[in-house]
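As provided, coords12.json (JSON, N, CA and C atoms) reads as follows.
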[["chain", "number", "residue", "atom", "x", "y", "z"],
["A", 2, "MET", "N", 0.02, 15.04, 0.04],
["A", 2, "MET", "CA", 0.62, 14.57, -1.19],
["A", 2, "MET", "C", -0.39, 14.65, -2.32],
["A", 3, "SER", "N", 0.05, 15.21, -3.40],
["A", 3, "SER", "CA", -0.85, 15.23, -4.55],
["A", 3, "SER", "C", -0.60, 14.01, -5.42],
["A", 4, "ARG", "N", -1.59, 13.67, -6.15],
["A", 4, "ARG", "CA", -1.50, 12.47, -7.00],
["A", 4, "ARG", "C", -0.36, 12.62, -8.00],
["A", 5, "GLY", "N", 0.46, 11.59, -8.13],
["A", 5, "GLY", "CA", 1.54, 11.62, -9.10],
["A", 5, "GLY", "C", 2.88, 12.04, -8.51],
["A", 6, "THR", "N", 2.88, 12.61, -7.30],
["A", 6, "THR", "CA", 4.15, 12.97, -6.68],
["A", 6, "THR", "C", 4.57, 11.87, -5.72],
["A", 7, "PRO", "N", 5.84, 11.55, -5.70],
["A", 7, "PRO", "CA", 6.29, 10.47, -4.80],
["A", 7, "PRO", "C", 6.17, 10.89, -3.34],
["A", 8, "PRO", "N", 6.03, 9.93, -2.45],
["A", 8, "PRO", "CA", 5.95, 10.25, -1.03],
["A", 8, "PRO", "C", 7.24, 10.93, -0.58],
["A", 9, "SER", "N", 7.11, 11.85, 0.37],
["A", 9, "SER", "CA", 8.32, 12.51, 0.86],
["A", 9, "SER", "C", 9.06, 11.56, 1.80],
["A", 10, "GLY", "N", 10.35, 11.71, 1.86],
["A", 10, "GLY", "CA", 11.16, 10.84, 2.70],
["A", 10, "GLY", "C", 11.76, 9.70, 1.90],
["A", 11, "GLU", "N", 12.58, 8.94, 2.57],
["A", 11, "GLU", "CA", 13.30, 7.85, 1.92],
["A", 11, "GLU", "C", 12.39, 6.63, 1.75],
["A", 12, "ILE", "N", 12.58, 5.93, 0.62],
["A", 12, "ILE", "CA", 11.83, 4.71, 0.33],
["A", 12, "ILE", "C", 12.83, 3.60, 0.07],
["A", 13, "TYR", "N", 12.67, 2.50, 0.77],
["A", 13, "TYR", "CA", 13.50, 1.32, 0.55],
["A", 13, "TYR", "C", 12.76, 0.39, -0.40],
["A", 14, "LEU", "N", 13.48, -0.13, -1.38],
["A", 14, "LEU", "CA", 12.90, -1.06, -2.34],
["A", 14, "LEU", "C", 13.67, -2.37, -2.29],
["A", 15, "GLU", "N", 12.92, -3.46, -2.29],
["A", 15, "GLU", "CA", 13.54, -4.79, -2.30],
["A", 15, "GLU", "C", 12.87, -5.58, -3.41],
["A", 16, "ILE", "N", 13.68, -6.22, -4.23],
["A", 16, "ILE", "CA", 13.14, -7.03, -5.32],
["A", 16, "ILE", "C", 13.60, -8.46, -5.12],
["A", 17, "GLN", "N", 12.67, -9.39, -5.35],
["A", 17, "GLN", "CA", 12.96, -10.80, -5.11],
["A", 17, "GLN", "C", 12.26, -11.63, -6.17],
["A", 18, "GLN", "N", 12.99, -12.57, -6.76],
["A", 18, "GLN", "CA", 12.40, -13.48, -7.74],
["A", 18, "GLN", "C", 11.83, -14.67, -7.00],
["A", 19, "ILE", "N", 10.58, -14.98, -7.31],
["A", 19, "ILE", "CA", 9.91, -16.14, -6.72],
["A", 19, "ILE", "C", 9.34, -16.95, -7.88],
["A", 20, "GLY", "N", 10.04, -17.98, -8.25],
["A", 20, "GLY", "CA", 9.61, -18.78, -9.40],
["A", 20, "GLY", "C", 9.64, -17.93, -10.65],
["A", 21, "ARG", "N", 8.49, -17.83, -11.32],
["A", 21, "ARG", "CA", 8.41, -17.03, -12.55],
["A", 21, "ARG", "C", 7.79, -15.67, -12.27],
["A", 22, "GLN", "N", 7.77, -15.25, -11.01],
["A", 22, "GLN", "CA", 7.26, -13.94, -10.62],
["A", 22, "GLN", "C", 8.36, -13.12, -9.97],
["A", 23, "VAL", "N", 8.14, -11.82, -9.95],
["A", 23, "VAL", "CA", 9.03, -10.91, -9.25],
["A", 23, "VAL", "C", 8.20, -10.19, -8.20],
["A", 24, "LYS", "N", 8.74, -10.13, -6.99],
["A", 24, "LYS", "CA", 8.07, -9.46, -5.88],
["A", 24, "LYS", "C", 8.87, -8.20, -5.55],
["A", 25, "MET", "N", 8.20, -7.04, -5.53],
["A", 25, "MET", "CA", 8.87, -5.81, -5.14],
["A", 25, "MET", "C", 8.18, -5.28, -3.89],
["A", 26, "THR", "N", 8.99, -5.02, -2.87],
["A", 26, "THR", "CA", 8.50, -4.46, -1.62],
["A", 26, "THR", "C", 8.99, -3.03, -1.53],
["A", 27, "ALA", "N", 8.09, -2.11, -1.19],
["A", 27, "ALA", "CA", 8.45, -0.70, -1.00],
["A", 27, "ALA", "C", 8.12, -0.34, 0.45],
["A", 28, "ILE", "N", 9.09, 0.23, 1.15],
["A", 28, "ILE", "CA", 8.92, 0.59, 2.56],
["A", 28, "ILE", "C", 9.23, 2.07, 2.73],
["A", 29, "HIS", "N", 8.32, 2.80, 3.33],
["A", 29, "HIS", "CA", 8.54, 4.22, 3.63],
["A", 29, "HIS", "C", 9.34, 4.30, 4.92],
["A", 30, "ALA", "N", 10.53, 4.85, 4.85],
["A", 30, "ALA", "CA", 11.47, 4.83, 5.98],
["A", 30, "ALA", "C", 10.94, 5.56, 7.21],
["A", 31, "ASP", "N", 10.26, 6.69, 7.02],
["A", 31, "ASP", "CA", 9.81, 7.49, 8.15],
["A", 31, "ASP", "C", 8.68, 6.83, 8.93],
["A", 32, "THR", "N", 7.78, 6.14, 8.22],
["A", 32, "THR", "CA", 6.60, 5.58, 8.87],
["A", 32, "THR", "C", 6.63, 4.07, 9.03],
["A", 33, "GLY", "N", 7.46, 3.40, 8.24],
["A", 33, "GLY", "CA", 7.51, 1.94, 8.28],
["A", 33, "GLY", "C", 6.39, 1.28, 7.50],
["A", 34, "VAL", "N", 5.59, 2.07, 6.78],
["A", 34, "VAL", "CA", 4.51, 1.52, 5.97],
["A", 34, "VAL", "C", 5.12, 0.74, 4.82],
["A", 35, "GLU", "N", 4.59, -0.45, 4.58],
["A", 35, "GLU", "CA", 5.15, -1.36, 3.59],
["A", 35, "GLU", "C", 4.05, -1.84, 2.64],
["A", 36, "VAL", "N", 4.37, -1.89, 1.36],
["A", 36, "VAL", "CA", 3.46, -2.45, 0.35],
["A", 36, "VAL", "C", 4.24, -3.43, -0.51],
["A", 37, "VAL", "N", 3.52, -4.36, -1.12],
["A", 37, "VAL", "CA", 4.14, -5.38, -1.97],
["A", 37, "VAL", "C", 3.37, -5.46, -3.28],
["A", 38, "VAL", "N", 4.11, -5.56, -4.38],
["A", 38, "VAL", "CA", 3.50, -5.79, -5.70],
["A", 38, "VAL", "C", 4.21, -6.96, -6.36],
["A", 39, "PHE", "N", 3.49, -7.66, -7.21],
["A", 39, "PHE", "CA", 4.03, -8.80, -7.94],
["A", 39, "PHE", "C", 3.88, -8.55, -9.43],
["A", 40, "GLY", "N", 4.77, -9.14, -10.20],
["A", 40, "GLY", "CA", 4.68, -9.05, -11.65],
["A", 40, "GLY", "C", 5.38, -10.24, -12.28],
["A", 41, "PRO", "N", 5.17, -10.43, -13.58],
["A", 41, "PRO", "CA", 5.86, -11.52, -14.27],
["A", 41, "PRO", "C", 7.36, -11.23, -14.34],
["A", 42, "ILE", "N", 8.14, -12.26, -14.48],
["A", 42, "ILE", "CA", 9.59, -12.11, -14.52],
["A", 42, "ILE", "C", 10.05, -11.25, -15.70],
["A", 43, "THR", "N", 9.20, -11.10, -16.72],
["A", 43, "THR", "CA", 9.56, -10.34, -17.91],
["A", 43, "THR", "C", 9.33, -8.83, -17.75],
["A", 44, "VAL", "N", 8.67, -8.41, -16.68],
["A", 44, "VAL", "CA", 8.38, -6.98, -16.49],
["A", 44, "VAL", "C", 9.68, -6.24, -16.16],
["A", 45, "SER", "N", 9.78, -4.99, -16.61],
["A", 45, "SER", "CA", 10.97, -4.21, -16.29],
["A", 45, "SER", "C", 10.94, -3.80, -14.82],
["A", 46, "GLN", "N", 12.10, -3.75, -14.22],
["A", 46, "GLN", "CA", 12.18, -3.37, -12.81],
["A", 46, "GLN", "C", 11.70, -1.94, -12.60],
["A", 47, "GLU", "N", 11.93, -1.06, -13.57],
["A", 47, "GLU", "CA", 11.47, 0.33, -13.45],
["A", 47, "GLU", "C", 9.95, 0.41, -13.42],
["A", 48, "ASP", "N", 9.28, -0.41, -14.25],
["A", 48, "ASP", "CA", 7.81, -0.42, -14.23],
["A", 48, "ASP", "C", 7.29, -0.92, -12.89],
["A", 49, "LEU", "N", 7.89, -1.97, -12.40],
["A", 49, "LEU", "CA", 7.47, -2.53, -11.12],
["A", 49, "LEU", "C", 7.73, -1.52, -9.98],
["A", 50, "LYS", "N", 8.86, -0.85, -10.06],
["A", 50, "LYS", "CA", 9.19, 0.17, -9.05],
["A", 50, "LYS", "C", 8.15, 1.29, -9.07],
["A", 51, "ARG", "N", 7.77, 1.74, -10.27],
["A", 51, "ARG", "CA", 6.78, 2.81, -10.40],
["A", 51, "ARG", "C", 5.45, 2.40, -9.78],
["A", 52, "VAL", "N", 5.03, 1.17, -10.03],
["A", 52, "VAL", "CA", 3.77, 0.68, -9.47],
["A", 52, "VAL", "C", 3.86, 0.60, -7.94],
["A", 53, "ALA", "N", 4.98, 0.11, -7.43],
["A", 53, "ALA", "CA", 5.16, -0.03, -5.98],
["A", 53, "ALA", "C", 5.14, 1.33, -5.29],
["A", 54, "VAL", "N", 5.80, 2.32, -5.88],
["A", 54, "VAL", "CA", 5.83, 3.67, -5.28],
["A", 54, "VAL", "C", 4.45, 4.30, -5.32],
["A", 55, "ARG", "N", 3.72, 4.10, -6.40],
["A", 55, "ARG", "CA", 2.34, 4.63, -6.48],
["A", 55, "ARG", "C", 1.44, 3.96, -5.44],
["A", 56, "LYS", "N", 1.59, 2.66, -5.29],
["A", 56, "LYS", "CA", 0.79, 1.94, -4.29],
["A", 56, "LYS", "C", 1.14, 2.42, -2.89],
["A", 57, "LEU", "N", 2.42, 2.66, -2.62],
["A", 57, "LEU", "CA", 2.85, 3.17, -1.33],
["A", 57, "LEU", "C", 2.27, 4.56, -1.09],
["A", 58, "GLN", "N", 2.29, 5.40, -2.10],
["A", 58, "GLN", "CA", 1.73, 6.74, -2.00],
["A", 58, "GLN", "C", 0.25, 6.68, -1.64],
["A", 59, "ARG", "N", -0.48, 5.83, -2.34],
["A", 59, "ARG", "CA", -1.92, 5.68, -2.09],
["A", 59, "ARG", "C", -2.17, 5.20, -0.67],
["A", 60, "ARG", "N", -1.37, 4.26, -0.21],
["A", 60, "ARG", "CA", -1.50, 3.74, 1.15],
["A", 60, "ARG", "C", -1.23, 4.82, 2.20],
["A", 61, "LEU", "N", -0.19, 5.63, 1.97],
["A", 61, "LEU", "CA", 0.13, 6.72, 2.89],
["A", 61, "LEU", "C", -1.00, 7.77, 2.93],
["A", 62, "GLU", "N", -1.57, 8.05, 1.76],
["A", 62, "GLU", "CA", -2.69, 8.99, 1.70],
["A", 62, "GLU", "C", -3.89, 8.46, 2.47],
["A", 63, "GLN", "N", -4.18, 7.17, 2.33],
["A", 63, "GLN", "CA", -5.30, 6.56, 3.05],
["A", 63, "GLN", "C", -5.07, 6.63, 4.55],
["A", 64, "GLU", "N", -3.86, 6.35, 4.99],
["A", 64, "GLU", "CA", -3.57, 6.34, 6.42],
["A", 64, "GLU", "C", -3.56, 7.74, 7.01],
["A", 65, "SER", "N", -3.15, 8.74, 6.25],
["A", 65, "SER", "CA", -3.14, 10.11, 6.77],
["A", 65, "SER", "C", -4.55, 10.68, 6.83],
["A", 66, "GLY", "N", -5.44, 10.19, 5.95],
["A", 66, "GLY", "CA", -6.81, 10.65, 5.94],
["A", 66, "GLY", "C", -7.71, 9.95, 6.95],
["A", 67, "ALA", "N", -7.25, 8.86, 7.52],
["A", 67, "ALA", "CA", -8.09, 8.08, 8.44],
["A", 67, "ALA", "C", -8.12, 8.69, 9.83]]
In structure tokens, what does this structure look like?
Amino acid sequence: MSRGTPPSGEIYLEIQQIGRQVKMTAIHADTGVEVVVFGPITVSQEDLKRVAVRKLQRRLEQESGA
């Protein structure tokens, strides 16, 4: 995977409000790798989604290189 391209395969996203924060979980369907990001309740869901997918991509790259 090159930097900036989304991971291949399906990604499940779950968003949950916790108090004044929003928690977004991104799960890579093929591998089951899961990452979580938090943001203020005022953040746009698209921004949070973008951060979660980038974090998932980075995690997948780390695990494939190990």
Compile the contact shell of Ala53 (chain A) as an NGL selection string: residues with an atom at most 8 Å away, counting all atoms listed in the file, same-chain residues fewer than 4 positions apart removed. :A and (25-28 or 36-39 or 47-49 or 57-59)
Could you name the residues that touch Asp31 (chain A) at 8 Å or less, counting all atoms listed in the file, but leaving out those on the same chain fewer than 5 positions away, as a ChimeraX atom specification? /A:9-13
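If you measure from each of A:Arg55, A:Ile16, A:Ser65, A:Arg60 to Gly40 (chain A) using only C-alpha atoms, the closest one turns out to be A:Ile16.
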Here is a test: counting all atoms listed in the file, which residue of A:Ile42, A:Glu64, A:His29, A:Val52 is nearest to Leu14 (chain A)? A:His29
Running DSSP on the backbone, which parts of chain A land in helix (DSSP H, G or I), as a short mmCIF file (atom, residue, chain, number, x, y, z; two decimals) with N, CA and C atoms, in the frame of the given file?
data_model
loop_
_atom_site.label_atom_id
_atom_site.label_comp_id
_atom_site.auth_asym_id
_atom_site.auth_seq_id
_atom_site.Cartn_x
_atom_site.Cartn_y
_atom_site.Cartn_z
N GLN A 46 12.10 -3.75 -14.22
CA GLN A 46 12.18 -3.37 -12.81
C GLN A 46 11.70 -1.94 -12.60
N GLU A 47 11.93 -1.06 -13.57
CA GLU A 47 11.47 0.33 -13.45
C GLU A 47 9.95 0.41 -13.42
N ASP A 48 9.28 -0.41 -14.25
CA ASP A 48 7.81 -0.42 -14.23
C ASP A 48 7.29 -0.92 -12.89
N LEU A 49 7.89 -1.97 -12.40
CA LEU A 49 7.47 -2.53 -11.12
C LEU A 49 7.73 -1.52 -9.98
N LYS A 50 8.86 -0.85 -10.06
CA LYS A 50 9.19 0.17 -9.05
C LYS A 50 8.15 1.29 -9.07
N ARG A 51 7.77 1.74 -10.27
CA ARG A 51 6.78 2.81 -10.40
C ARG A 51 5.45 2.40 -9.78
N VAL A 52 5.03 1.17 -10.03
CA VAL A 52 3.77 0.68 -9.47
C VAL A 52 3.86 0.60 -7.94
N ALA A 53 4.98 0.11 -7.43
CA ALA A 53 5.16 -0.03 -5.98
C ALA A 53 5.14 1.33 -5.29
N VAL A 54 5.80 2.32 -5.88
CA VAL A 54 5.83 3.67 -5.28
C VAL A 54 4.45 4.30 -5.32
N ARG A 55 3.72 4.10 -6.40
CA ARG A 55 2.34 4.63 -6.48
C ARG A 55 1.44 3.96 -5.44
N LYS A 56 1.59 2.66 -5.29
CA LYS A 56 0.79 1.94 -4.29
C LYS A 56 1.14 2.42 -2.89
N LEU A 57 2.42 2.66 -2.62
CA LEU A 57 2.85 3.17 -1.33
C LEU A 57 2.27 4.56 -1.09
N GLN A 58 2.29 5.40 -2.10
CA GLN A 58 1.73 6.74 -2.00
C GLN A 58 0.25 6.68 -1.64
N ARG A 59 -0.48 5.83 -2.34
CA ARG A 59 -1.92 5.68 -2.09
C ARG A 59 -2.17 5.20 -0.67
N ARG A 60 -1.37 4.26 -0.21
CA ARG A 60 -1.50 3.74 1.15
C ARG A 60 -1.23 4.82 2.20
N LEU A 61 -0.19 5.63 1.97
CA LEU A 61 0.13 6.72 2.89
C LEU A 61 -1.00 7.77 2.93
N GLU A 62 -1.57 8.05 1.76
CA GLU A 62 -2.69 8.99 1.70
C GLU A 62 -3.89 8.46 2.47
N GLN A 63 -4.18 7.17 2.33
CA GLN A 63 -5.30 6.56 3.05
C GLN A 63 -5.07 6.63 4.55
N GLU A 64 -3.86 6.35 4.99
CA GLU A 64 -3.57 6.34 6.42
C GLU A 64 -3.56 7.74 7.01
N SER A 65 -3.15 8.74 6.25
CA SER A 65 -3.14 10.11 6.77
C SER A 65 -4.55 10.68 6.83
N GLY A 66 -5.44 10.19 5.95
CA GLY A 66 -6.81 10.65 5.94
C GLY A 66 -7.71 9.95 6.95
#
So how far away is CA of Val23 (chain A) from atom C of Lys56 (chain A), in Å?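 Separation between atom C of Lys56 (chain A) and CA of Val23 (chain A): 16.7 Å.
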